[in-house]
Structures are given as structure tokens and as C-alpha cells.
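Novice: This is the content of my_file-v3.csv (CSV, C-alpha atoms (C1' of nucleotides)):
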```csv
chain,number,residue,atom,x,y,z
S,1,MET,CA,-4.0,84.4,140.0
S,2,SER,CA,-3.4,88.0,140.9
S,3,ALA,CA,-4.8,91.0,139.1
S,4,ALA,CA,-1.4,92.0,137.7
S,5,ASP,CA,-1.1,88.7,135.9
S,6,ARG,CA,-4.3,89.1,134.0
S,7,PRO,CA,-4.8,91.1,130.8
S,8,ARG,CA,-6.7,94.2,131.6
S,9,ALA,CA,-10.5,93.8,131.7
S,10,GLY,CA,-12.3,94.4,128.5
S,11,CYS,CA,-9.6,93.2,126.2
S,12,ARG,CA,-10.9,91.3,123.3
S,13,PRO,CA,-9.6,88.2,121.5
S,14,LEU,CA,-8.2,89.1,118.0
S,15,ILE,CA,-9.4,85.8,116.5
S,16,ASP,CA,-12.9,84.9,117.7
S,17,ASP,CA,-15.1,83.8,114.8
S,18,LYS,CA,-16.7,80.5,114.4
S,19,TRP,CA,-14.2,78.7,112.2
S,20,SER,CA,-10.8,80.3,112.7
S,21,LEU,CA,-9.8,78.3,115.7
S,22,VAL,CA,-10.8,75.0,114.1
S,23,VAL,CA,-8.8,75.9,110.9
S,24,ILE,CA,-5.8,77.0,112.8
S,25,SER,CA,-5.7,74.0,115.1
S,26,PHE,CA,-6.1,71.8,112.0
S,27,LEU,CA,-3.1,73.4,110.4
S,28,GLY,CA,-1.1,72.9,113.6
S,29,SER,CA,0.1,69.6,112.3
S,30,GLY,CA,1.4,71.1,109.1
S,31,PRO,CA,0.4,72.8,105.8
S,32,ARG,CA,-2.7,71.5,104.1
S,33,ARG,CA,-4.5,72.0,100.8
S,34,PHE,CA,-7.9,73.5,100.4
S,35,THR,CA,-9.6,70.2,99.8
S,36,GLU,CA,-7.9,68.5,102.7
S,37,LEU,CA,-9.2,71.3,105.0
S,38,ARG,CA,-12.7,71.0,103.5
S,39,ARG,CA,-12.8,67.3,104.1
S,40,GLY,CA,-11.0,67.3,107.4
S,41,ILE,CA,-13.1,70.0,109.1
S,42,ASP,CA,-16.6,68.6,109.8
S,43,GLY,CA,-19.5,70.9,108.9
S,44,ILE,CA,-17.6,73.7,107.2
S,45,SER,CA,-18.9,74.9,103.9
S,46,GLN,CA,-16.7,75.8,101.0
S,47,ARG,CA,-17.7,79.4,101.3
S,48,MET,CA,-16.8,79.6,105.0
S,49,LEU,CA,-13.5,77.9,104.4
S,50,THR,CA,-12.6,80.4,101.7
S,51,VAL,CA,-13.8,83.4,103.9
S,52,THR,CA,-11.9,82.1,106.9
S,53,LEU,CA,-8.7,81.4,105.0
S,54,ARG,CA,-8.7,84.9,103.5
S,55,SER,CA,-9.3,86.5,106.8
S,56,LEU,CA,-6.5,84.6,108.5
S,57,GLU,CA,-4.1,85.2,105.6
S,58,ARG,CA,-4.9,88.9,106.0
S,59,ASP,CA,-4.2,88.8,109.7
S,60,GLY,CA,-0.8,87.2,109.0
S,61,ILE,CA,-1.8,84.0,110.8
S,62,LEU,CA,-1.3,81.8,107.7
S,63,VAL,CA,0.3,81.9,104.3
S,64,ARG,CA,-1.1,80.8,101.0
S,65,THR,CA,1.5,79.1,98.8
S,66,ILE,CA,1.2,78.3,95.2
S,67,HIS,CA,3.3,75.3,94.2
S,68,ASN,CA,4.2,75.2,90.5
S,69,VAL,CA,4.4,71.5,90.2
S,70,MET,CA,2.3,69.4,87.9
S,71,PRO,CA,-0.5,69.6,88.6
S,72,PRO,CA,-0.3,73.0,90.3
S,73,ASN,CA,-1.6,73.1,93.9
S,74,ILE,CA,-2.1,75.6,96.7
S,75,SER,CA,-1.3,74.9,100.3
S,76,TYR,CA,-2.0,76.8,103.5
S,77,GLY,CA,0.3,76.8,106.4
S,78,LEU,CA,0.7,78.7,109.7
S,79,THR,CA,3.2,81.5,109.9
S,80,PRO,CA,5.3,81.9,113.1
S,81,LEU,CA,2.7,84.4,114.3
S,82,GLY,CA,0.0,81.7,113.7
S,83,VAL,CA,2.0,79.1,115.5
S,84,SER,CA,2.4,81.4,118.5
S,85,PHE,CA,-1.3,82.1,118.5
S,86,LEU,CA,-2.1,78.4,118.4
S,87,GLU,CA,0.2,77.8,121.3
S,88,SER,CA,-1.7,80.6,123.2
S,89,VAL,CA,-5.1,79.0,122.6
S,90,THR,CA,-4.1,75.5,123.3
S,91,PRO,CA,-4.8,75.7,127.0
S,92,MET,CA,-8.3,76.9,126.3
S,93,LEU,CA,-8.9,74.1,123.7
S,94,GLU,CA,-7.7,71.6,126.2
S,95,TRP,CA,-9.9,73.0,128.9
S,96,SER,CA,-12.9,72.7,126.6
S,97,GLN,CA,-12.2,69.1,126.0
S,98,ALA,CA,-11.5,68.3,129.6
S,99,ASN,CA,-14.6,70.2,130.9
S,100,LEU,CA,-17.2,69.4,128.3
S,101,LYS,CA,-18.9,67.0,130.6
S,102,HIS,CA,-18.9,69.4,133.5
S,103,VAL,CA,-20.5,72.1,131.4
S,104,GLU,CA,-23.1,69.8,130.0
S,105,ALA,CA,-24.0,68.6,133.5
S,106,ALA,CA,-24.3,72.2,134.7
S,107,ARG,CA,-26.7,73.0,131.8
S,108,VAL,CA,-28.9,70.0,132.6
S,109,ALA,CA,-29.0,70.9,136.3
S,110,TYR,CA,-29.8,74.5,135.4
S,111,ASP,CA,-32.6,73.6,133.0
S,112,ALA,CA,-34.0,71.1,135.5
S,113,GLN,CA,-34.1,73.8,138.2
S,114,LYS,CA,-35.9,76.2,135.9
S,115,VAL,CA,-38.6,73.5,135.2
S,116,LEU,CA,-39.0,73.0,139.0
S,117,GLU,CA,-39.5,76.7,139.4
S,118,GLY,CA,-42.2,76.6,136.8
S,119,ARG,CA,-40.2,78.3,133.9
A,1,MET,CA,4.8,71.6,119.8
A,2,SER,CA,4.2,68.0,118.9
A,3,ALA,CA,1.0,66.6,117.6
A,4,ALA,CA,0.4,64.7,120.9
A,5,ASP,CA,0.4,67.9,122.9
A,6,ARG,CA,-2.4,69.4,120.9
A,7,PRO,CA,-6.1,68.8,121.4
A,8,ARG,CA,-7.4,66.8,118.4
A,9,ALA,CA,-8.2,68.8,115.3
A,10,GLY,CA,-11.7,70.0,115.0
A,11,CYS,CA,-12.4,70.4,118.7
A,12,ARG,CA,-14.4,73.5,119.5
A,13,PRO,CA,-14.2,76.0,122.3
A,14,LEU,CA,-17.1,75.7,124.8
A,15,ILE,CA,-17.3,79.4,125.2
A,16,ASP,CA,-16.9,81.3,121.9
A,17,ASP,CA,-19.5,84.0,121.7
A,18,LYS,CA,-18.9,87.7,121.3
A,19,TRP,CA,-19.3,88.9,124.9
A,20,SER,CA,-18.6,85.9,127.2
A,21,LEU,CA,-14.8,86.2,127.3
A,22,VAL,CA,-15.1,89.9,128.1
A,23,VAL,CA,-17.5,89.3,130.9
A,24,ILE,CA,-15.5,86.5,132.4
A,25,SER,CA,-12.2,88.4,132.3
A,26,PHE,CA,-14.0,91.4,133.9
A,27,LEU,CA,-15.2,89.1,136.7
A,28,GLY,CA,-11.7,87.8,137.2
A,29,SER,CA,-11.0,90.6,139.7
A,30,GLY,CA,-14.0,89.7,141.8
A,31,PRO,CA,-17.8,89.6,141.9
A,32,ARG,CA,-19.6,92.6,140.3
A,33,ARG,CA,-23.1,93.9,140.1
A,34,PHE,CA,-25.2,94.1,136.9
A,35,THR,CA,-24.7,97.9,136.6
A,36,GLU,CA,-21.0,97.7,137.3
A,37,LEU,CA,-20.6,95.2,134.4
A,38,ARG,CA,-22.8,97.3,132.2
A,39,ARG,CA,-20.7,100.4,132.8
A,40,GLY,CA,-17.4,98.6,132.9
A,41,ILE,CA,-17.7,96.8,129.6
A,42,ASP,CA,-17.5,99.1,126.7
A,43,GLY,CA,-20.1,98.7,124.0
A,44,ILE,CA,-22.2,96.0,125.6
A,45,SER,CA,-26.0,96.5,125.5
A,46,GLN,CA,-28.2,95.7,128.4
A,47,ARG,CA,-29.8,93.0,126.5
A,48,MET,CA,-26.6,91.2,125.6
A,49,LEU,CA,-25.3,91.5,129.1
A,50,THR,CA,-28.5,89.8,130.4
A,51,VAL,CA,-28.3,87.1,127.7
A,52,THR,CA,-24.6,86.5,128.3
A,53,LEU,CA,-24.9,86.3,132.1
A,54,ARG,CA,-27.8,83.8,131.8
A,55,SER,CA,-25.8,81.6,129.4
A,56,LEU,CA,-22.7,81.6,131.6
A,57,GLU,CA,-24.8,80.9,134.7
A,58,ARG,CA,-26.3,78.0,132.9
A,59,ASP,CA,-22.9,76.7,131.9
A,60,GLY,CA,-21.8,76.8,135.6
A,61,ILE,CA,-19.2,79.5,134.8
A,62,LEU,CA,-20.6,82.0,137.2
A,63,VAL,CA,-23.2,82.3,140.0
A,64,ARG,CA,-25.9,84.8,140.6
A,65,THR,CA,-26.1,85.8,144.2
A,66,ILE,CA,-29.0,87.8,145.7
A,67,HIS,CA,-27.9,89.7,148.8
A,68,ASN,CA,-30.7,90.5,151.2
A,69,VAL,CA,-29.4,93.7,152.5
A,70,MET,CA,-31.0,97.1,152.3
A,71,PRO,CA,-31.3,97.9,149.5
A,72,PRO,CA,-31.2,94.4,148.0
A,73,ASN,CA,-28.6,93.8,145.3
A,74,ILE,CA,-27.5,91.0,143.0
A,75,SER,CA,-23.9,90.1,142.2
A,76,TYR,CA,-22.3,87.9,139.7
A,77,GLY,CA,-19.1,86.0,140.5
A,78,LEU,CA,-17.0,83.3,138.9
A,79,THR,CA,-17.4,79.7,140.1
A,80,PRO,CA,-14.3,77.5,140.5
A,81,LEU,CA,-15.1,76.2,137.0
A,82,GLY,CA,-15.2,79.8,135.8
A,83,VAL,CA,-11.9,80.6,137.4
A,84,SER,CA,-10.2,77.6,135.8
A,85,PHE,CA,-11.7,78.6,132.4
A,86,LEU,CA,-10.3,82.1,132.8
A,87,GLU,CA,-6.9,80.8,133.6
A,88,SER,CA,-7.0,78.7,130.4
A,89,VAL,CA,-7.9,81.7,128.2
A,90,THR,CA,-5.5,84.0,129.8
A,91,PRO,CA,-2.6,83.1,127.5
A,92,MET,CA,-4.8,83.8,124.5
A,93,LEU,CA,-5.9,87.1,125.9
A,94,GLU,CA,-2.3,88.1,126.6
A,95,TRP,CA,-1.3,87.0,123.1
A,96,SER,CA,-4.1,89.3,121.7
A,97,GLN,CA,-2.8,92.3,123.6
A,98,ALA,CA,0.8,91.6,122.8
A,99,ASN,CA,0.2,91.0,119.1
A,100,LEU,CA,-2.5,93.6,118.3
A,101,LYS,CA,0.0,95.7,116.5
A,102,HIS,CA,1.5,92.8,114.5
A,103,VAL,CA,-1.9,91.8,113.3
A,104,GLU,CA,-3.0,95.3,112.4
A,105,ALA,CA,0.3,95.8,110.4
A,106,ALA,CA,-0.3,92.5,108.6
A,107,ARG,CA,-3.8,93.7,107.6
A,108,VAL,CA,-2.5,97.0,106.3
A,109,ALA,CA,0.2,95.2,104.3
A,110,TYR,CA,-2.3,92.7,102.9
A,111,ASP,CA,-4.8,95.4,101.8
A,112,ALA,CA,-2.0,97.5,100.3
A,113,GLN,CA,-0.8,94.5,98.3
A,114,LYS,CA,-4.4,93.9,97.0
A,115,VAL,CA,-4.6,97.4,95.8
A,116,LEU,CA,-1.3,97.1,93.9
A,117,GLU,CA,-2.6,94.0,92.3
A,118,GLY,CA,-5.6,96.0,91.2
A,119,ARG,CA,-8.2,94.4,93.5
T,1,DC,C1',-31.6,98.5,140.2
T,2,DC,C1',-32.3,94.3,137.5
T,3,DG,C1',-34.2,92.3,133.8
T,4,DA,C1',-38.0,90.5,130.6
T,5,DA,C1',-40.3,91.4,126.1
T,6,DT,C1',-41.0,93.4,121.7
T,7,DC,C1',-39.5,95.2,117.4
T,8,DC,C1',-36.5,95.8,113.9
T,9,DT,C1',-31.9,96.0,111.5
T,10,DT,C1',-27.6,93.9,110.5
T,11,DT,C1',-24.8,90.2,109.8
T,12,DC,C1',-23.9,85.4,109.1
T,13,DC,C1',-23.9,81.5,106.5
T,14,DG,C1',-25.5,77.5,103.5
T,15,DA,C1',-27.1,76.3,98.9
T,16,DT,C1',-26.4,76.9,94.3
T,17,DA,C1',-24.3,78.1,90.0
T,18,DC,C1',-20.4,79.4,87.5
T,19,DT,C1',-15.0,80.3,86.2
T,20,DG,C1',-9.8,79.3,85.2
P,1,DC,C1',-8.7,71.6,92.1
P,2,DA,C1',-9.6,76.1,94.0
P,3,DG,C1',-12.0,79.2,94.1
P,4,DT,C1',-15.9,83.6,93.0
P,5,DA,C1',-20.8,85.5,92.9
P,6,DT,C1',-25.3,85.8,94.3
P,7,DC,C1',-29.4,84.9,96.9
P,8,DG,C1',-32.5,84.0,100.8
P,9,DG,C1',-33.3,82.2,105.3
P,10,DA,C1',-31.6,82.2,110.0
P,11,DA,C1',-29.5,84.1,113.8
P,12,DA,C1',-27.3,87.9,116.4
P,13,DG,C1',-27.7,92.1,118.3
P,14,DG,C1',-29.3,97.1,119.3
P,15,DA,C1',-33.1,100.3,120.7
P,16,DT,C1',-36.9,100.8,123.3
P,17,DT,C1',-40.5,99.9,126.5
P,18,DC,C1',-42.4,97.9,130.5
P,19,DG,C1',-42.4,95.5,135.2
P,20,DG,C1',-40.9,93.8,139.9
```
Give the structure from this file in C-alpha cells form.
Specialist:
Amino acid sequence: MSAADRPRAGCRPLIDDKWSLVVISFLGSGPRRFTELRRGIDGISQRMLTVTLRSLERDGILVRTIHNVMPPNISYGLTPLGVSFLESVTPMLEWSQANLKHVEAARVAYDAQKVLEGR
Amino acid sequence: MSAADRPRAGCRPLIDDKWSLVVISFLGSGPRRFTELRRGIDGISQRMLTVTLRSLERDGILVRTIHNVMPPNISYGLTPLGVSFLESVTPMLEWSQANLKHVEAARVAYDAQKVLEGR
DNA sequence: CCGAATCCTTTCCGATACTG
DNA sequence: CAGTATCGGAAAGGATTCGG
């Protein structure tokens, strides 16, 4: 990779909080309702789901749609901007899955070395 | 994008803290010394640079090298694992740069709408 | 120059209770 | 079902000081 191919140093990700990526990748397979998200995303609290959805709606990453059927329900789906973002993070998500073992091994080796050195 | 192309829902990025991506992308152009990083990365405190470097060293993303020249100095450089990670985040970093204006515009529109609705 | 240690403030976030 | 409001503990992070 040459320097010209890379974004300039110091640039920051626009979406970088704890739950946004998980929510976005969950919505990659199609719109979901609040409760589906809550049950489908392990460990998220109701509060953080609400906060995250609001923030992503504000950023134009997803849209909140109220369906006037009986009973009424609300769904969340990615916008075209959200889809393009998901596509851009997919390589990083795949890297994380593929290299989880490598990173864990590096941590174990590092910690073991620290113990040998006497903290 | 089909469902099979995507990492399974709920997977989490291995590196997702505030400063790691900035440090890694800064090191993409080659090894740097502590003070170069400190001066080159806008807004990072000395403490957070230290903490971030340790964490990334532990993860096997970068290596700390002590050069026994006069005067001695210490440099930080990406490992092959770190380079592969940087390559995987590059699309997301480029997306962030390319869509900053879009997202900011969406935020302004959202906030304006909220005001119209009377909070 | 590099970084550890301490202190202190800010922000995050889960639990809980309540509304249409 | 789909939220909002509030509270308190936990964690992040900045400022400062000290040491090799």
C-alpha cells in the first residue's frame, strides 16, 4: 500500500461507538423492529439500543418507519448511506473474525513475557 | 451484498477504542517515535498515547523497538498483522472522509426537523 | 526523551420505574 | 410494543508530577 492510497493520517471514523457497528451489521440483512434488535443483539440494554438507533437515524445511516397496520409497528432499516457504510466496514469485521485467534495469542504471549520480566 | 458475504451479525471489531485507529493509520507511513506520534496526532494526551501503544503492542499490532544509538531512541512500527489490519480498515476510513459532509448535513436536517416538531 | 503514577473530572451505561 | 426519565456505579480520559 502506498501513502497516496491511504486516507491522510489523523482522520477519524465517523461511527466509532460501542454498539453502532453491531446494530448496522445486524440491519444488513434487512429492516428489523425494535424488539427484534433487542433480542438479536447479545448484551445490549434497552437504553443503549434506543440511544444508538437515535444517533444513527440522526446521522442518516438508518430510517425509522412507522407502519400503520394493526397493530402499528415501527421498523428500522439502513439507508443507501448506511448500506455503503456497512460495505466499507465489512473488510474490518471480516479481519476481526479471521484474526481473533492471532490477537488472543499475541496477548497471551505478551502477558507471559511480562510475568517473566517480573511485572 | 448477500447475507453470505457478511460477517455474522453481532461480531465485534477487535480494535474499537478512541485512539487506536488514529495511531495505526499514522504508523501506516512507517515507524515513528513517541514524540513524533504525540505531536502528529491532534488532541491525544501523553497518557492516552502510552496506554494505546501498550495495548496495540500487546495485541501484536505494533512493535516497540529500542535503538541503541547515541542518543538512544525508541520507535513504534506496525507488524505484518498491523499492516493487514490497517488495510482492512482503510475502506472505512476512506468512507468517513468521503461522507463527512453527507453525515453532517443529515445531522443538521435531523436537528432542524426536531425543532420544527417542538422538541 | 519516554513513560509510570496519581488525582480528579467527565462520560458511559445498566437498572429501574413509568408512559402512550 | 416502543419507548422516556432518572439515578448511581464504573470506566475513560485529561492534567500534573515524578523518574530513568
Novice: Please check the contacts: residues of chain A at most 12 Å away from chain P, using all atoms listed in the file, listed as number ranges by chain.
Specialist: A: 17-19, 43-49, 51-52
Novice: Considering only C-alpha atoms, give me a table of residues in chain S that are at most 7 Å from chain A, with the closest atom pair and distance in Å for each, as a Markdown table.
Specialist:
```
| residue | atom | partner | partner_atom | distance |
| --- | --- | --- | --- | --- |
| S:Ala3 | CA | A:Ser29 | CA | 6.2 |
| S:Arg6 | CA | A:Thr90 | CA | 6.7 |
| S:Pro7 | CA | A:Glu94 | CA | 5.7 |
| S:Ala9 | CA | A:Phe26 | CA | 4.8 |
| S:Gly10 | CA | A:Val22 | CA | 5.3 |
| S:Cys11 | CA | A:Val22 | CA | 6.7 |
| S:Arg12 | CA | A:Val22 | CA | 6.5 |
| S:Pro13 | CA | A:Ser96 | CA | 5.6 |
| S:Leu14 | CA | A:Ser96 | CA | 5.5 |
| S:Asp16 | CA | A:Asp16 | CA | 6.8 |
| S:Val22 | CA | A:Gly10 | CA | 5.2 |
| S:Ser25 | CA | A:Ala9 | CA | 5.8 |
| S:Phe26 | CA | A:Ala9 | CA | 4.9 |
| S:Ser29 | CA | A:Ala3 | CA | 6.2 |
| S:Ile41 | CA | A:Gly10 | CA | 6.1 |
| S:Arg58 | CA | A:Arg107 | CA | 5.2 |
| S:Asp59 | CA | A:Val103 | CA | 5.2 |
| S:Gly60 | CA | A:Ala106 | CA | 5.3 |
| S:Phe85 | CA | A:Trp95 | CA | 6.7 |
| S:Ser88 | CA | A:Met92 | CA | 4.6 |
| S:Val89 | CA | A:Met92 | CA | 5.2 |
| S:Thr90 | CA | A:Arg6 | CA | 6.8 |
| S:Pro91 | CA | A:Ser88 | CA | 5.0 |
| S:Met92 | CA | A:Ser88 | CA | 4.7 |
| S:Leu93 | CA | A:Pro13 | CA | 5.8 |
| S:Glu94 | CA | A:Pro7 | CA | 5.8 |
| S:Trp95 | CA | A:Ser88 | CA | 6.6 |
| S:Ser96 | CA | A:Leu14 | CA | 5.5 |
| S:Val103 | CA | A:Asp59 | CA | 5.2 |
| S:Ala106 | CA | A:Gly60 | CA | 5.3 |
| S:Arg107 | CA | A:Arg58 | CA | 5.1 |
| S:Tyr110 | CA | A:Arg58 | CA | 5.5 |
```
Novice: Using atom CA of Met70 of chain A and atom C1' of DC1 of chain T as the two end points, give the distance in Å to one decimal.
Specialist: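 Taking atom CA of Met70 of chain A as the start and atom C1' of DC1 of chain T as the end point, the length is 12.2 Å.
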Novice: Could the residues of chain A that have an atom at most 10 Å from chain T be listed as a tab-separated table, each with its closest atom pair and the distance in Å to one decimal, counting all atoms listed in the file and ordered by chain and ascending residue number?
Specialist:
```
residue	atom	partner	partner_atom	distance
A:Arg33	CA	T:DC2	C1'	9.6
A:Phe34	CA	T:DC2	C1'	7.1
A:Thr35	CA	T:DC1	C1'	7.8
A:Gln46	CA	T:DG3	C1'	8.8
A:Arg47	CA	T:DG3	C1'	8.6
A:Thr50	CA	T:DG3	C1'	7.1
A:Val51	CA	T:DG3	C1'	10.0
A:Pro71	CA	T:DC1	C1'	9.3
A:Pro72	CA	T:DC1	C1'	8.8
A:Asn73	CA	T:DC1	C1'	7.6
A:Ile74	CA	T:DC2	C1'	8.0
```
Novice: Separation of atom CA of Leu116 of chain A and atom CA of His67 of chain S, in Å?
Specialist: 22.3 Å
Novice: Which value, in Å to one decimal, gives the distance between atom CA of Arg39 of chain A and atom CA of Val63 of chain A?
Specialist: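 According to the coordinates, atom CA of Arg39 of chain A and atom CA of Val63 of chain A are separated by 19.6 Å.
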Novice: Since the input is missing atoms for segment 42-68 of chain S, could you rebuild it with N, CA, C and O atoms and give the result as a tab-separated table (two decimals), in the coordinates of the input?
Specialist:
```
chain	number	residue	atom	x	y	z
S	42	ASP	N	-15.17	69.06	109.90
S	42	ASP	CA	-16.60	68.60	109.80
S	42	ASP	C	-17.51	69.81	109.89
S	42	ASP	O	-17.44	70.65	110.78
S	43	GLY	N	-18.40	69.88	108.89
S	43	GLY	CA	-19.50	70.90	108.90
S	43	GLY	C	-19.13	72.21	108.26
S	43	GLY	O	-20.00	73.07	108.14
S	44	ILE	N	-17.88	72.42	107.83
S	44	ILE	CA	-17.60	73.70	107.20
S	44	ILE	C	-17.99	73.69	105.75
S	44	ILE	O	-17.84	72.68	105.05
S	45	SER	N	-18.57	74.80	105.30
S	45	SER	CA	-18.90	74.90	103.90
S	45	SER	C	-17.77	75.47	103.12
S	45	SER	O	-16.86	76.08	103.68
S	46	GLN	N	-17.81	75.26	101.82
S	46	GLN	CA	-16.70	75.80	101.00
S	46	GLN	C	-16.59	77.27	101.13
S	46	GLN	O	-15.50	77.82	101.24
S	47	ARG	N	-17.73	77.92	101.19
S	47	ARG	CA	-17.70	79.40	101.30
S	47	ARG	C	-17.06	79.84	102.61
S	47	ARG	O	-16.21	80.73	102.61
S	48	MET	N	-17.41	79.21	103.72
S	48	MET	CA	-16.80	79.60	105.00
S	48	MET	C	-15.36	79.30	105.09
S	48	MET	O	-14.60	80.02	105.73
S	49	LEU	N	-14.96	78.21	104.44
S	49	LEU	CA	-13.50	77.90	104.40
S	49	LEU	C	-12.77	78.98	103.68
S	49	LEU	O	-11.74	79.48	104.15
S	50	THR	N	-13.27	79.36	102.52
S	50	THR	CA	-12.60	80.40	101.70
S	50	THR	C	-12.56	81.72	102.55
S	50	THR	O	-11.51	82.34	102.66
S	51	VAL	N	-13.69	82.12	103.11
S	51	VAL	CA	-13.80	83.40	103.90
S	51	VAL	C	-12.78	83.32	105.06
S	51	VAL	O	-12.04	84.29	105.31
S	52	THR	N	-12.76	82.21	105.75
S	52	THR	CA	-11.90	82.10	106.90
S	52	THR	C	-10.42	82.12	106.54
S	52	THR	O	-9.61	82.80	107.17
S	53	LEU	N	-10.08	81.40	105.47
S	53	LEU	CA	-8.70	81.40	105.00
S	53	LEU	C	-8.22	82.78	104.61
S	53	LEU	O	-7.13	83.21	104.97
S	54	ARG	N	-9.07	83.50	103.88
S	54	ARG	CA	-8.70	84.90	103.50
S	54	ARG	C	-8.46	85.76	104.68
S	54	ARG	O	-7.51	86.51	104.75
S	55	SER	N	-9.37	85.65	105.63
S	55	SER	CA	-9.30	86.50	106.80
S	55	SER	C	-8.00	86.21	107.62
S	55	SER	O	-7.32	87.13	108.09
S	56	LEU	N	-7.67	84.93	107.74
S	56	LEU	CA	-6.50	84.60	108.50
S	56	LEU	C	-5.19	84.90	107.75
S	56	LEU	O	-4.17	85.23	108.35
S	57	GLU	N	-5.27	84.85	106.41
S	57	GLU	CA	-4.10	85.20	105.60
S	57	GLU	C	-3.90	86.75	105.79
S	57	GLU	O	-2.77	87.21	105.98
S	58	ARG	N	-4.99	87.50	105.78
S	58	ARG	CA	-4.90	88.90	106.00
S	58	ARG	C	-4.33	89.32	107.32
S	58	ARG	O	-3.59	90.29	107.45
S	59	ASP	N	-4.64	88.52	108.32
S	59	ASP	CA	-4.20	88.80	109.70
S	59	ASP	C	-2.71	88.33	109.89
S	59	ASP	O	-2.17	88.50	110.99
S	60	GLY	N	-2.14	87.70	108.87
S	60	GLY	CA	-0.80	87.20	109.00
S	60	GLY	C	-0.64	85.94	109.82
S	60	GLY	O	0.44	85.59	110.28
S	61	ILE	N	-1.76	85.23	109.97
S	61	ILE	CA	-1.80	84.00	110.80
S	61	ILE	C	-1.35	82.81	109.90
S	61	ILE	O	-0.74	81.87	110.37
S	62	LEU	N	-1.71	82.86	108.63
S	62	LEU	CA	-1.30	81.80	107.70
S	62	LEU	C	-0.83	82.36	106.40
S	62	LEU	O	-1.09	83.51	106.07
S	63	VAL	N	-0.12	81.54	105.63
S	63	VAL	CA	0.30	81.90	104.30
S	63	VAL	C	-0.24	80.97	103.25
S	63	VAL	O	-0.37	79.77	103.50
S	64	ARG	N	-0.56	81.54	102.13
S	64	ARG	CA	-1.10	80.80	101.00
S	64	ARG	C	0.08	80.60	100.03
S	64	ARG	O	0.71	81.58	99.60
S	65	THR	N	0.40	79.36	99.70
S	65	THR	CA	1.50	79.10	98.80
S	65	THR	C	1.11	78.35	97.60
S	65	THR	O	0.44	77.31	97.69
S	66	ILE	N	1.47	78.92	96.43
S	66	ILE	CA	1.20	78.30	95.20
S	66	ILE	C	2.37	77.45	94.72
S	66	ILE	O	3.44	78.00	94.52
S	67	HIS	N	2.19	76.17	94.62
S	67	HIS	CA	3.30	75.30	94.20
S	67	HIS	C	3.19	75.05	92.70
S	67	HIS	O	2.20	74.54	92.21
S	68	ASN	N	4.26	75.42	91.98
S	68	ASN	CA	4.20	75.20	90.50
S	68	ASN	C	4.78	73.88	90.13
S	68	ASN	O	5.76	73.75	89.42
```
